[in-house]
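Engineer: Contents are mmCIF, C-alpha atoms and all ligand atoms; file name run_12.cif:
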```cif
data_data
loop_
_atom_site.label_atom_id
_atom_site.label_comp_id
_atom_site.auth_asym_id
_atom_site.auth_seq_id
_atom_site.Cartn_x
_atom_site.Cartn_y
_atom_site.Cartn_z
CA MET C 1 82.41 5.47 -42.59
CA LYS C 2 80.66 7.17 -45.47
CA PRO C 3 79.91 5.63 -48.88
CA SER C 4 81.83 6.79 -51.92
CA PRO C 5 79.91 9.31 -54.06
CA PHE C 6 77.01 7.93 -56.10
CA ARG C 7 74.19 9.22 -58.26
CA TYR C 8 70.72 8.90 -56.69
CA ILE C 9 67.85 8.01 -59.01
CA ALA C 10 64.29 7.84 -57.64
CA PRO C 11 61.90 6.66 -60.36
CA LEU C 12 58.16 6.76 -59.78
CA ASP C 13 57.28 3.83 -62.01
CA LEU C 14 58.80 0.47 -62.87
CA ASP C 15 59.48 1.16 -66.55
CA GLU C 16 61.44 4.28 -65.59
CA ALA C 17 63.45 2.20 -63.10
CA LEU C 18 64.14 -0.52 -65.67
CA SER C 19 65.26 2.02 -68.31
CA ALA C 20 67.55 3.70 -65.78
CA LEU C 21 69.00 0.31 -64.82
CA ALA C 22 69.55 -0.66 -68.47
CA ALA C 23 71.18 2.71 -69.19
CA SER C 24 73.55 2.82 -66.23
CA PRO C 25 75.97 -0.01 -65.67
CA ASP C 26 77.46 -0.11 -62.19
CA THR C 27 74.08 0.63 -60.60
CA LYS C 28 72.42 -0.98 -57.58
CA VAL C 29 68.75 -1.16 -56.68
CA LEU C 30 67.90 0.25 -53.25
CA ALA C 31 64.96 -1.38 -51.43
CA GLY C 32 65.04 -1.32 -47.61
CA GLY C 33 68.74 -0.47 -47.61
CA GLN C 34 69.39 -2.68 -44.58
CA SER C 35 72.09 -4.68 -46.35
CA LEU C 36 73.08 -2.37 -49.21
CA VAL C 37 73.68 0.77 -47.14
CA PRO C 38 75.94 -0.90 -44.53
CA ALA C 39 77.88 -2.53 -47.40
CA MET C 40 78.26 0.89 -49.09
CA ASN C 41 79.28 2.55 -45.82
CA LEU C 42 81.94 -0.11 -45.29
CA ARG C 43 82.97 0.32 -48.95
CA LEU C 44 82.40 -3.36 -49.61
CA THR C 45 80.48 -2.09 -52.62
CA ALA C 46 80.72 1.27 -54.36
CA PRO C 47 78.03 1.59 -57.04
CA GLY C 48 78.19 4.61 -59.33
CA ALA C 49 74.44 5.07 -58.96
CA ILE C 50 71.55 3.71 -56.93
CA ILE C 51 67.97 3.35 -58.08
CA ASP C 52 65.62 3.83 -55.14
CA ILE C 53 62.52 1.73 -55.89
CA ASN C 54 60.59 2.85 -52.79
CA GLY C 55 58.50 5.40 -54.71
CA ILE C 56 57.15 2.85 -57.20
CA PRO C 57 53.49 2.19 -56.33
CA GLY C 58 51.72 -1.17 -56.26
CA TYR C 59 54.41 -3.47 -54.89
CA ASP C 60 53.93 -3.06 -51.15
CA ARG C 61 51.41 -5.82 -50.52
CA VAL C 62 50.81 -9.55 -50.37
CA THR C 63 48.07 -10.77 -52.69
CA VAL C 64 46.55 -14.24 -52.86
CA ALA C 65 44.97 -15.79 -55.94
CA GLY C 66 44.74 -19.25 -57.45
CA GLY C 67 46.49 -21.01 -54.57
CA THR C 68 49.51 -18.68 -54.65
CA ALA C 69 50.62 -15.83 -52.39
CA THR C 70 52.49 -13.08 -54.22
CA ILE C 71 54.86 -10.90 -52.22
CA GLY C 72 55.63 -7.56 -53.87
CA MET C 73 59.13 -6.11 -53.92
CA LEU C 74 58.32 -3.48 -51.29
CA VAL C 75 56.74 -5.78 -48.71
CA ARG C 76 58.75 -5.27 -45.50
CA HIS C 77 59.73 -8.05 -43.11
CA MET C 78 57.35 -6.41 -40.63
CA ASP C 79 54.38 -6.65 -43.03
CA LEU C 80 54.81 -10.41 -42.98
CA ALA C 81 54.15 -10.49 -39.23
CA ARG C 82 50.48 -10.16 -40.29
CA PRO C 83 50.33 -11.37 -43.88
CA GLY C 84 46.52 -10.98 -43.98
CA PHE C 85 45.43 -14.27 -45.52
CA ASP C 86 44.24 -17.59 -44.20
CA ASP C 87 46.68 -20.45 -44.86
CA PRO C 88 49.45 -22.17 -42.89
CA LEU C 89 51.90 -20.25 -45.10
CA ALA C 90 50.72 -17.06 -43.39
CA GLY C 91 51.60 -18.65 -40.05
CA ALA C 92 55.07 -19.58 -41.31
CA LEU C 93 55.68 -16.04 -42.64
CA ALA C 94 54.46 -14.49 -39.39
CA GLU C 95 56.63 -16.71 -37.21
CA ILE C 96 59.77 -16.43 -39.32
CA SER C 97 59.45 -12.65 -39.64
CA GLN C 98 60.12 -12.39 -35.90
CA HIS C 99 63.56 -13.93 -36.41
CA VAL C 100 64.70 -11.46 -39.10
CA GLY C 101 66.87 -8.73 -37.58
CA HIS C 102 65.65 -6.21 -35.03
CA LEU C 103 62.52 -4.07 -35.16
CA PRO C 104 64.03 -1.12 -37.09
CA ILE C 105 65.46 -3.56 -39.66
CA ARG C 106 62.13 -5.33 -39.96
CA THR C 107 60.21 -2.11 -40.54
CA ARG C 108 62.44 -1.13 -43.45
CA GLY C 109 64.05 -4.27 -44.93
CA THR C 110 62.14 -6.19 -47.59
CA PHE C 111 61.46 -9.89 -48.17
CA VAL C 112 62.58 -9.57 -51.80
CA GLY C 113 65.75 -7.64 -50.82
CA SER C 114 66.65 -10.49 -48.51
CA LEU C 115 66.35 -13.05 -51.34
CA VAL C 116 68.44 -10.90 -53.70
CA HIS C 117 71.08 -10.26 -51.03
CA ALA C 118 71.23 -14.07 -50.63
CA ASP C 119 72.98 -14.29 -47.30
CA PRO C 120 73.30 -18.07 -46.72
CA ALA C 121 72.00 -17.53 -43.18
CA ALA C 122 68.89 -15.56 -44.21
CA GLU C 123 65.67 -17.18 -43.05
CA TRP C 124 63.61 -16.02 -46.08
CA CYS C 125 65.99 -17.73 -48.51
CA ALA C 126 65.40 -21.07 -46.77
CA LEU C 127 61.65 -20.44 -46.88
CA ALA C 128 61.78 -19.64 -50.61
CA LEU C 129 63.61 -22.90 -51.28
CA ALA C 130 61.38 -25.11 -49.14
CA THR C 131 58.14 -23.60 -50.47
CA GLU C 132 59.38 -23.90 -54.07
CA ALA C 133 58.79 -20.20 -54.62
CA THR C 134 59.20 -18.48 -57.98
CA VAL C 135 61.19 -15.27 -58.27
CA VAL C 136 59.80 -12.90 -60.91
CA ALA C 137 62.48 -10.69 -62.48
CA ARG C 138 61.78 -7.84 -64.90
CA SER C 139 64.20 -6.08 -67.23
CA ALA C 140 63.67 -3.62 -70.06
CA GLY C 141 63.72 -6.72 -72.29
CA GLY C 142 60.96 -8.71 -70.56
CA THR C 143 60.05 -10.94 -67.61
CA ARG C 144 61.79 -14.08 -66.29
CA GLU C 145 60.41 -16.52 -63.76
CA ILE C 146 63.22 -18.14 -61.80
CA PRO C 147 62.46 -21.12 -59.51
CA ALA C 148 64.04 -20.64 -56.08
CA ALA C 149 65.93 -23.92 -56.64
CA GLY C 150 67.91 -22.18 -59.41
CA PHE C 151 68.12 -18.72 -57.84
CA PHE C 152 70.73 -19.08 -55.08
CA LEU C 153 74.06 -19.77 -56.78
CA GLY C 154 76.49 -19.10 -53.92
CA PRO C 155 77.04 -16.88 -50.90
CA PHE C 156 75.55 -13.46 -51.80
CA THR C 157 75.24 -14.63 -55.43
CA THR C 158 72.03 -15.22 -57.35
CA ALA C 159 70.87 -15.93 -60.89
CA LEU C 160 69.62 -12.33 -61.20
CA ARG C 161 71.16 -10.28 -64.02
CA GLU C 162 72.42 -6.75 -63.41
CA ASP C 163 69.68 -5.24 -65.59
CA GLU C 164 66.88 -7.01 -63.69
CA ILE C 165 64.62 -5.97 -60.81
CA VAL C 166 62.74 -8.61 -58.84
CA THR C 167 59.18 -7.34 -58.80
CA GLU C 168 57.57 -10.15 -56.83
CA VAL C 169 57.96 -13.61 -55.41
CA ARG C 170 55.20 -16.20 -55.81
CA ILE C 171 54.76 -18.83 -53.13
CA PRO C 172 52.32 -21.76 -53.36
CA LEU C 173 49.95 -21.89 -50.39
CA LEU C 174 50.41 -24.84 -48.03
CA GLY C 175 46.71 -25.77 -47.94
CA SER C 176 46.36 -28.88 -45.79
CA GLY C 177 50.10 -28.84 -45.00
CA THR C 178 51.65 -27.59 -41.78
CA PHE C 179 54.99 -26.02 -40.89
CA GLY C 180 57.58 -26.11 -38.14
CA PHE C 181 60.46 -23.66 -37.70
CA ALA C 182 63.44 -23.76 -35.36
CA GLU C 183 66.47 -21.47 -35.19
CA ILE C 184 69.59 -20.95 -33.14
CA ALA C 185 71.22 -17.50 -33.38
CA ARG C 186 73.93 -15.95 -31.24
CA THR C 187 71.58 -13.21 -30.07
CA ALA C 188 67.93 -12.43 -30.72
CA GLY C 189 67.65 -10.62 -34.06
CA ASP C 190 70.94 -11.92 -35.38
CA PHE C 191 71.20 -13.97 -38.55
CA ALA C 192 70.62 -17.68 -37.95
CA THR C 193 73.64 -19.72 -36.99
CA VAL C 194 71.41 -22.47 -38.35
CA ALA C 195 67.65 -22.44 -38.95
CA ALA C 196 65.36 -25.19 -40.22
CA LEU C 197 61.91 -24.95 -41.78
CA ALA C 198 59.89 -28.15 -42.23
CA LEU C 199 56.78 -28.28 -44.40
CA VAL C 200 54.75 -31.44 -43.89
CA ARG C 201 51.61 -32.88 -45.44
CA LEU C 202 50.37 -35.98 -43.64
CA ASP C 203 48.63 -38.82 -45.34
CA GLY C 204 46.62 -40.41 -42.50
CA ASP C 205 49.18 -41.46 -39.89
CA ALA C 206 52.04 -41.41 -42.40
CA PHE C 207 54.17 -38.68 -43.91
CA GLY C 208 52.98 -37.55 -47.33
CA GLU C 209 55.01 -34.72 -48.83
CA VAL C 210 57.88 -33.34 -46.73
CA ARG C 211 60.07 -30.37 -47.60
CA ILE C 212 62.90 -28.99 -45.50
CA GLY C 213 64.77 -25.70 -45.91
CA LEU C 214 67.97 -24.89 -44.06
CA ALA C 215 69.61 -21.50 -43.51
CA GLY C 216 73.14 -21.02 -42.23
CA ALA C 217 74.17 -24.65 -42.61
CA GLU C 218 75.94 -24.47 -45.96
CA SER C 219 77.31 -21.74 -48.25
CA THR C 220 73.85 -21.35 -49.79
CA PRO C 221 70.42 -22.00 -48.33
CA SER C 222 69.86 -25.70 -48.76
CA ARG C 223 67.28 -28.44 -49.03
CA PRO C 224 68.33 -31.87 -47.73
CA SER C 225 66.34 -33.88 -50.24
CA ALA C 226 67.53 -37.31 -49.03
CA ALA C 227 65.97 -36.59 -45.63
CA GLU C 228 62.73 -35.48 -47.29
CA THR C 229 62.57 -38.65 -49.36
CA SER C 230 63.38 -40.84 -46.37
CA LEU C 231 60.14 -39.73 -44.68
CA ALA C 232 57.71 -40.04 -47.58
CA GLY C 233 55.22 -42.85 -46.85
CA GLN C 234 56.70 -43.61 -43.41
CA ARG C 235 54.53 -43.78 -40.32
CA VAL C 236 54.90 -40.71 -38.14
CA THR C 237 57.14 -41.79 -35.29
CA THR C 238 59.83 -40.14 -33.20
CA GLU C 239 62.31 -42.65 -34.66
CA ALA C 240 61.46 -41.77 -38.27
CA ILE C 241 61.92 -38.07 -37.50
CA ALA C 242 65.23 -38.68 -35.72
CA GLU C 243 66.47 -40.80 -38.63
CA ALA C 244 65.52 -38.10 -41.17
CA ALA C 245 67.29 -35.44 -39.09
CA THR C 246 70.44 -37.59 -39.06
CA ILE C 247 70.22 -38.08 -42.83
CA ALA C 248 69.78 -34.31 -43.29
CA ALA C 249 72.81 -33.51 -41.12
CA ASP C 250 74.99 -36.17 -42.77
CA SER C 251 74.16 -34.85 -46.24
CA LEU C 252 75.49 -31.35 -45.49
CA GLN C 253 78.80 -29.71 -46.21
CA PRO C 254 78.57 -27.28 -43.32
CA ILE C 255 80.47 -24.01 -43.39
CA GLU C 256 83.04 -23.18 -40.73
CA ASP C 257 83.56 -19.58 -39.58
CA ALA C 258 84.46 -17.48 -36.57
CA GLN C 259 81.04 -18.26 -35.08
CA CYS C 260 81.35 -22.03 -34.95
CA SER C 261 82.91 -25.16 -36.39
CA SER C 262 81.39 -27.19 -39.21
CA GLY C 263 80.87 -30.07 -36.74
CA TYR C 264 78.78 -27.86 -34.46
CA ARG C 265 76.76 -26.62 -37.44
CA ARG C 266 76.07 -30.21 -38.47
CA HIS C 267 74.93 -30.96 -34.92
CA LEU C 268 72.68 -27.87 -34.90
CA ALA C 269 71.19 -28.86 -38.26
CA LYS C 270 70.28 -32.30 -36.91
CA VAL C 271 68.66 -30.94 -33.76
CA LEU C 272 66.81 -28.14 -35.55
CA VAL C 273 65.49 -30.35 -38.37
CA MET C 274 64.19 -32.71 -35.70
CA ARG C 275 62.49 -29.86 -33.80
CA ALA C 276 61.00 -28.36 -36.96
CA LEU C 277 59.59 -31.73 -38.07
CA GLN C 278 58.16 -32.43 -34.61
CA GLN C 279 56.52 -29.01 -34.56
CA ALA C 280 55.01 -29.49 -38.02
CA VAL C 281 53.63 -32.90 -37.08
CA GLY C 282 52.31 -31.49 -33.79
CA ARG C 283 50.41 -28.78 -35.66
CA ALA C 284 48.81 -31.38 -37.91
CA ALA C 285 47.51 -33.41 -34.97
C1 LIG X 1 71.99 -5.67 -37.80
C2 LIG X 1 71.31 -6.43 -38.89
C3 LIG X 1 70.75 -7.67 -38.60
C4 LIG X 1 70.12 -8.41 -39.61
N1 LIG X 1 69.60 -9.61 -39.29
C5 LIG X 1 69.04 -10.37 -40.26
C6 LIG X 1 68.50 -11.65 -39.99
O1 LIG X 1 68.49 -12.12 -38.84
N2 LIG X 1 68.01 -12.37 -41.03
C7 LIG X 1 67.97 -11.88 -42.30
O2 LIG X 1 67.50 -12.55 -43.20
N3 LIG X 1 68.42 -10.64 -42.58
C8 LIG X 1 68.96 -9.88 -41.61
N4 LIG X 1 69.44 -8.65 -41.91
C9 LIG X 1 69.36 -8.16 -43.32
C10 LIG X 1 67.97 -7.58 -43.61
O3 LIG X 1 67.04 -8.63 -43.63
C11 LIG X 1 67.89 -6.88 -44.96
O4 LIG X 1 66.66 -6.18 -44.92
C12 LIG X 1 67.86 -7.75 -46.19
O5 LIG X 1 68.99 -8.58 -46.24
C13 LIG X 1 67.92 -6.90 -47.47
O6 LIG X 1 66.67 -6.31 -47.72
P1 LIG X 1 66.59 -4.77 -48.04
O7 LIG X 1 65.20 -4.51 -48.50
O8 LIG X 1 67.06 -4.01 -46.87
O9 LIG X 1 67.55 -4.65 -49.31
P2 LIG X 1 68.70 -3.62 -49.68
O10 LIG X 1 69.66 -3.49 -48.57
O11 LIG X 1 68.09 -2.36 -50.19
O12 LIG X 1 69.34 -4.41 -50.89
C14 LIG X 1 70.06 -5.60 -50.68
C15 LIG X 1 70.55 -6.12 -52.05
O13 LIG X 1 69.45 -6.56 -52.83
C16 LIG X 1 69.32 -5.78 -54.03
N5 LIG X 1 67.87 -5.59 -54.21
C17 LIG X 1 66.97 -5.27 -53.24
N6 LIG X 1 65.73 -5.31 -53.75
C18 LIG X 1 65.86 -5.64 -55.06
C19 LIG X 1 64.93 -5.86 -56.12
N7 LIG X 1 63.60 -5.75 -55.93
N8 LIG X 1 65.40 -6.22 -57.33
C20 LIG X 1 66.73 -6.34 -57.54
N9 LIG X 1 67.67 -6.14 -56.58
C21 LIG X 1 67.23 -5.82 -55.36
C22 LIG X 1 70.10 -4.51 -53.77
O14 LIG X 1 70.59 -3.94 -54.97
C23 LIG X 1 71.24 -5.04 -52.89
O15 LIG X 1 72.20 -5.66 -53.69
C24 LIG X 1 70.05 -7.87 -40.93
C25 LIG X 1 70.59 -6.63 -41.22
C26 LIG X 1 71.21 -5.90 -40.22
C27 LIG X 1 71.78 -4.55 -40.55
#
```
Show the structure stored in the file as structure tokens.
Structural biologist:
Amino acid sequence: MKPSPFRYIAPLDLDEALSALAASPDTKVLAGGQSLVPAMNLRLTAPGAIIDINGIPGYDRVTVAGGTATIGMLVRHMDLARPGFDDPLAGALAEISQHVGHLPIRTRGTFVGSLVHADPAAEWCALALATEATVVARSAGGTREIPAAGFFLGPFTTALREDEIVTEVRIPLLGSGTFGFAEIARTAGDFATVAALALVRLDGDAFGEVRIGLAGAESTPSRPSAAETSLAGQRVTTEAIAEAATIAADSLQPIEDAQCSSGYRRHLAKVLVMRALQQAVGRAA
């Protein structure tokens, strides 16, 4: 199918893009186009105009300063396979990037586009939640910083306003922390049926800070905080990890769809949280 007719606007700087967005209601931003274009072709969305941000310079890299990695709006999934800085966060980005779509999608699709698209099964959304990332949104009226915890409002729904462009996402480095990631998908390159990211900081032989992000388990990316809390201060044992994974799974309201039942999703969440935690602890050893 072909999209319905639309006006194509290709600004060469951000201010021009923001003015065009403010001036034209019914307009969509085009980044990698890997979600927007299929949706337009299927006529799930029919914007009157699109603003192609790909010609705007200065947003195609990851920069690191003051303990934070900043991912610009034109950083592709593929760029994150080699993020180019030294921190466990770089390892998490590199590993997770391999699970996002297929090679052609990864070379074009953007990290920021994935967050704005807000598919509940998108791996980057779970990473943004677990890392407590900040989404930076610009409009003609100014800049907003939106914590990831308040960004994902529902399936394919975010706190972003229609006149805003996300220019970057800021992610705190993990420092002495480690990560573990586990995913089950129907086929390689498909969205996660369920994926779990565990971020762990050990305090001697006990868990210090633990954060867990889940994709695909619920109608938004989620963070099973009761499971995180259950581990804090506990000695690192297989039993403690298994108990936390059970708490995580029990706390969910898993979605049910043509792919699988909510019961199976709950089971996957338990197994994948356990694997992700084990991996994170193994990396710390
Ligand atoms: C076959 C297939 C398999 C896929 N598998 C996966 C997968 O396994 N995991 C996964 O996470 N994703 C997957 N995707 C989706 C892919 O990751 C997309 O790249 C991503 O969802 C959207 O990024 P994009 O840059 O392509 O955004 P676009 O398609 O250009 O835009 C998506 C949405 O975000 C908005 N938007 C984009 N950038 C901005 C911005 N800077 N400011 C404001 N609004 C913005 C657009 O207006 C649009 O509403 C898959 C896609 C396909 C086609």
Engineer: Distance limit 8 Å, reference ligand LIG 1 (chain X), atoms considered: all atoms listed in the file. Which residues make the cut? Give them as a PDB file with C-alpha atoms, keeping the file's coordinate frame.
Structural biologist:
```pdb
ATOM      1  CA  LYS C  28      72.420  -0.980 -57.580  1.00  0.00           C
ATOM      2  CA  VAL C  29      68.750  -1.160 -56.680  1.00  0.00           C
ATOM      3  CA  LEU C  30      67.900   0.250 -53.250  1.00  0.00           C
ATOM      4  CA  ALA C  31      64.960  -1.380 -51.430  1.00  0.00           C
ATOM      5  CA  GLY C  32      65.040  -1.320 -47.610  1.00  0.00           C
ATOM      6  CA  GLY C  33      68.740  -0.470 -47.610  1.00  0.00           C
ATOM      7  CA  GLN C  34      69.390  -2.680 -44.580  1.00  0.00           C
ATOM      8  CA  SER C  35      72.090  -4.680 -46.350  1.00  0.00           C
ATOM      9  CA  LEU C  36      73.080  -2.370 -49.210  1.00  0.00           C
ATOM     10  CA  VAL C  37      73.680   0.770 -47.140  1.00  0.00           C
ATOM     11  CA  PRO C  38      75.940  -0.900 -44.530  1.00  0.00           C
ATOM     12  CA  ILE C  50      71.550   3.710 -56.930  1.00  0.00           C
ATOM     13  CA  ILE C  53      62.520   1.730 -55.890  1.00  0.00           C
ATOM     14  CA  MET C  73      59.130  -6.110 -53.920  1.00  0.00           C
ATOM     15  CA  LEU C  74      58.320  -3.480 -51.290  1.00  0.00           C
ATOM     16  CA  ARG C  76      58.750  -5.270 -45.500  1.00  0.00           C
ATOM     17  CA  HIS C  77      59.730  -8.050 -43.110  1.00  0.00           C
ATOM     18  CA  HIS C  99      63.560 -13.930 -36.410  1.00  0.00           C
ATOM     19  CA  VAL C 100      64.700 -11.460 -39.100  1.00  0.00           C
ATOM     20  CA  GLY C 101      66.870  -8.730 -37.580  1.00  0.00           C
ATOM     21  CA  HIS C 102      65.650  -6.210 -35.030  1.00  0.00           C
ATOM     22  CA  ILE C 105      65.460  -3.560 -39.660  1.00  0.00           C
ATOM     23  CA  ARG C 106      62.130  -5.330 -39.960  1.00  0.00           C
ATOM     24  CA  ARG C 108      62.440  -1.130 -43.450  1.00  0.00           C
ATOM     25  CA  GLY C 109      64.050  -4.270 -44.930  1.00  0.00           C
ATOM     26  CA  THR C 110      62.140  -6.190 -47.590  1.00  0.00           C
ATOM     27  CA  PHE C 111      61.460  -9.890 -48.170  1.00  0.00           C
ATOM     28  CA  VAL C 112      62.580  -9.570 -51.800  1.00  0.00           C
ATOM     29  CA  GLY C 113      65.750  -7.640 -50.820  1.00  0.00           C
ATOM     30  CA  SER C 114      66.650 -10.490 -48.510  1.00  0.00           C
ATOM     31  CA  LEU C 115      66.350 -13.050 -51.340  1.00  0.00           C
ATOM     32  CA  VAL C 116      68.440 -10.900 -53.700  1.00  0.00           C
ATOM     33  CA  HIS C 117      71.080 -10.260 -51.030  1.00  0.00           C
ATOM     34  CA  ALA C 118      71.230 -14.070 -50.630  1.00  0.00           C
ATOM     35  CA  ASP C 119      72.980 -14.290 -47.300  1.00  0.00           C
ATOM     36  CA  ALA C 121      72.000 -17.530 -43.180  1.00  0.00           C
ATOM     37  CA  ALA C 122      68.890 -15.560 -44.210  1.00  0.00           C
ATOM     38  CA  GLU C 123      65.670 -17.180 -43.050  1.00  0.00           C
ATOM     39  CA  TRP C 124      63.610 -16.020 -46.080  1.00  0.00           C
ATOM     40  CA  CYS C 125      65.990 -17.730 -48.510  1.00  0.00           C
ATOM     41  CA  ALA C 137      62.480 -10.690 -62.480  1.00  0.00           C
ATOM     42  CA  LEU C 160      69.620 -12.330 -61.200  1.00  0.00           C
ATOM     43  CA  GLU C 164      66.880  -7.010 -63.690  1.00  0.00           C
ATOM     44  CA  ILE C 165      64.620  -5.970 -60.810  1.00  0.00           C
ATOM     45  CA  VAL C 166      62.740  -8.610 -58.840  1.00  0.00           C
ATOM     46  CA  THR C 167      59.180  -7.340 -58.800  1.00  0.00           C
ATOM     47  CA  GLU C 168      57.570 -10.150 -56.830  1.00  0.00           C
ATOM     48  CA  GLY C 189      67.650 -10.620 -34.060  1.00  0.00           C
ATOM     49  CA  ASP C 190      70.940 -11.920 -35.380  1.00  0.00           C
ATOM     50  CA  PHE C 191      71.200 -13.970 -38.550  1.00  0.00           C
ATOM     51  CA  ALA C 192      70.620 -17.680 -37.950  1.00  0.00           C
TER      52      ALA C 192
END
```
Engineer: Neighbouring residues of range 264-279 of chain C were defined as those with any atom within 6 Å, considering all atoms listed in the file; residues of the same chain fewer than 5 positions away were excluded. Please report them as JSON, numbers by chain.
Structural biologist: {"C": [180, 181, 182, 196, 197, 198, 245, 246, 249]}
Engineer: To one decimal in Å, tell me the separation between CA of Leu80 in chain C and CA of Gly177 in chain C.
Structural biologist: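 About the pair CA of Leu80 in chain C and CA of Gly177 in chain C: they are 19.1 Å apart.
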Engineer: Could you tell me which of C:Arg211, C:Arg186, C:Arg161, C:Arg43 comes closest to Leu231 in chain C if we count all atoms listed in the file?
Structural biologist: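 So, comparing all the options, the nearest one is C:Arg211.
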Engineer: Counting all atoms listed in the file, which residue out of C:Ala185, C:Asp13, C:Gly204, C:Glu239 sits closest to Cys260 in chain C?
Structural biologist: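 Of C:Ala185, C:Asp13, C:Gly204, C:Glu239, the one nearest Cys260 in chain C, counting all atoms listed in the file, is C:Ala185.
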Engineer: From the options C:Leu21, C:Val169, C:Val281, C:Leu202, which residue's atoms come nearest to Arg61 in chain C, counting all atoms listed in the file?
Structural biologist: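 Using all atoms listed in the file, the shortest distance to Arg61 in chain C belongs to C:Val169.
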Engineer: Measuring atom to atom with all atoms listed in the file, identify which of C:Leu127, C:Val64, C:Met1, C:Ala285 is nearest to Ala94 in chain C.
Structural biologist: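 Smallest separation from Ala94 in chain C among the options: C:Leu127.
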Engineer: Once you count only C-alpha atoms, which residues end up no further than 9 Å from (46.3, -26.4, -46.2) in the file's frame, shown as a list in words?
Structural biologist: Asp87, Pro88, Leu89, Leu173, Leu174, Gly175, Ser176, Gly177, Thr178 and Arg201 of chain C
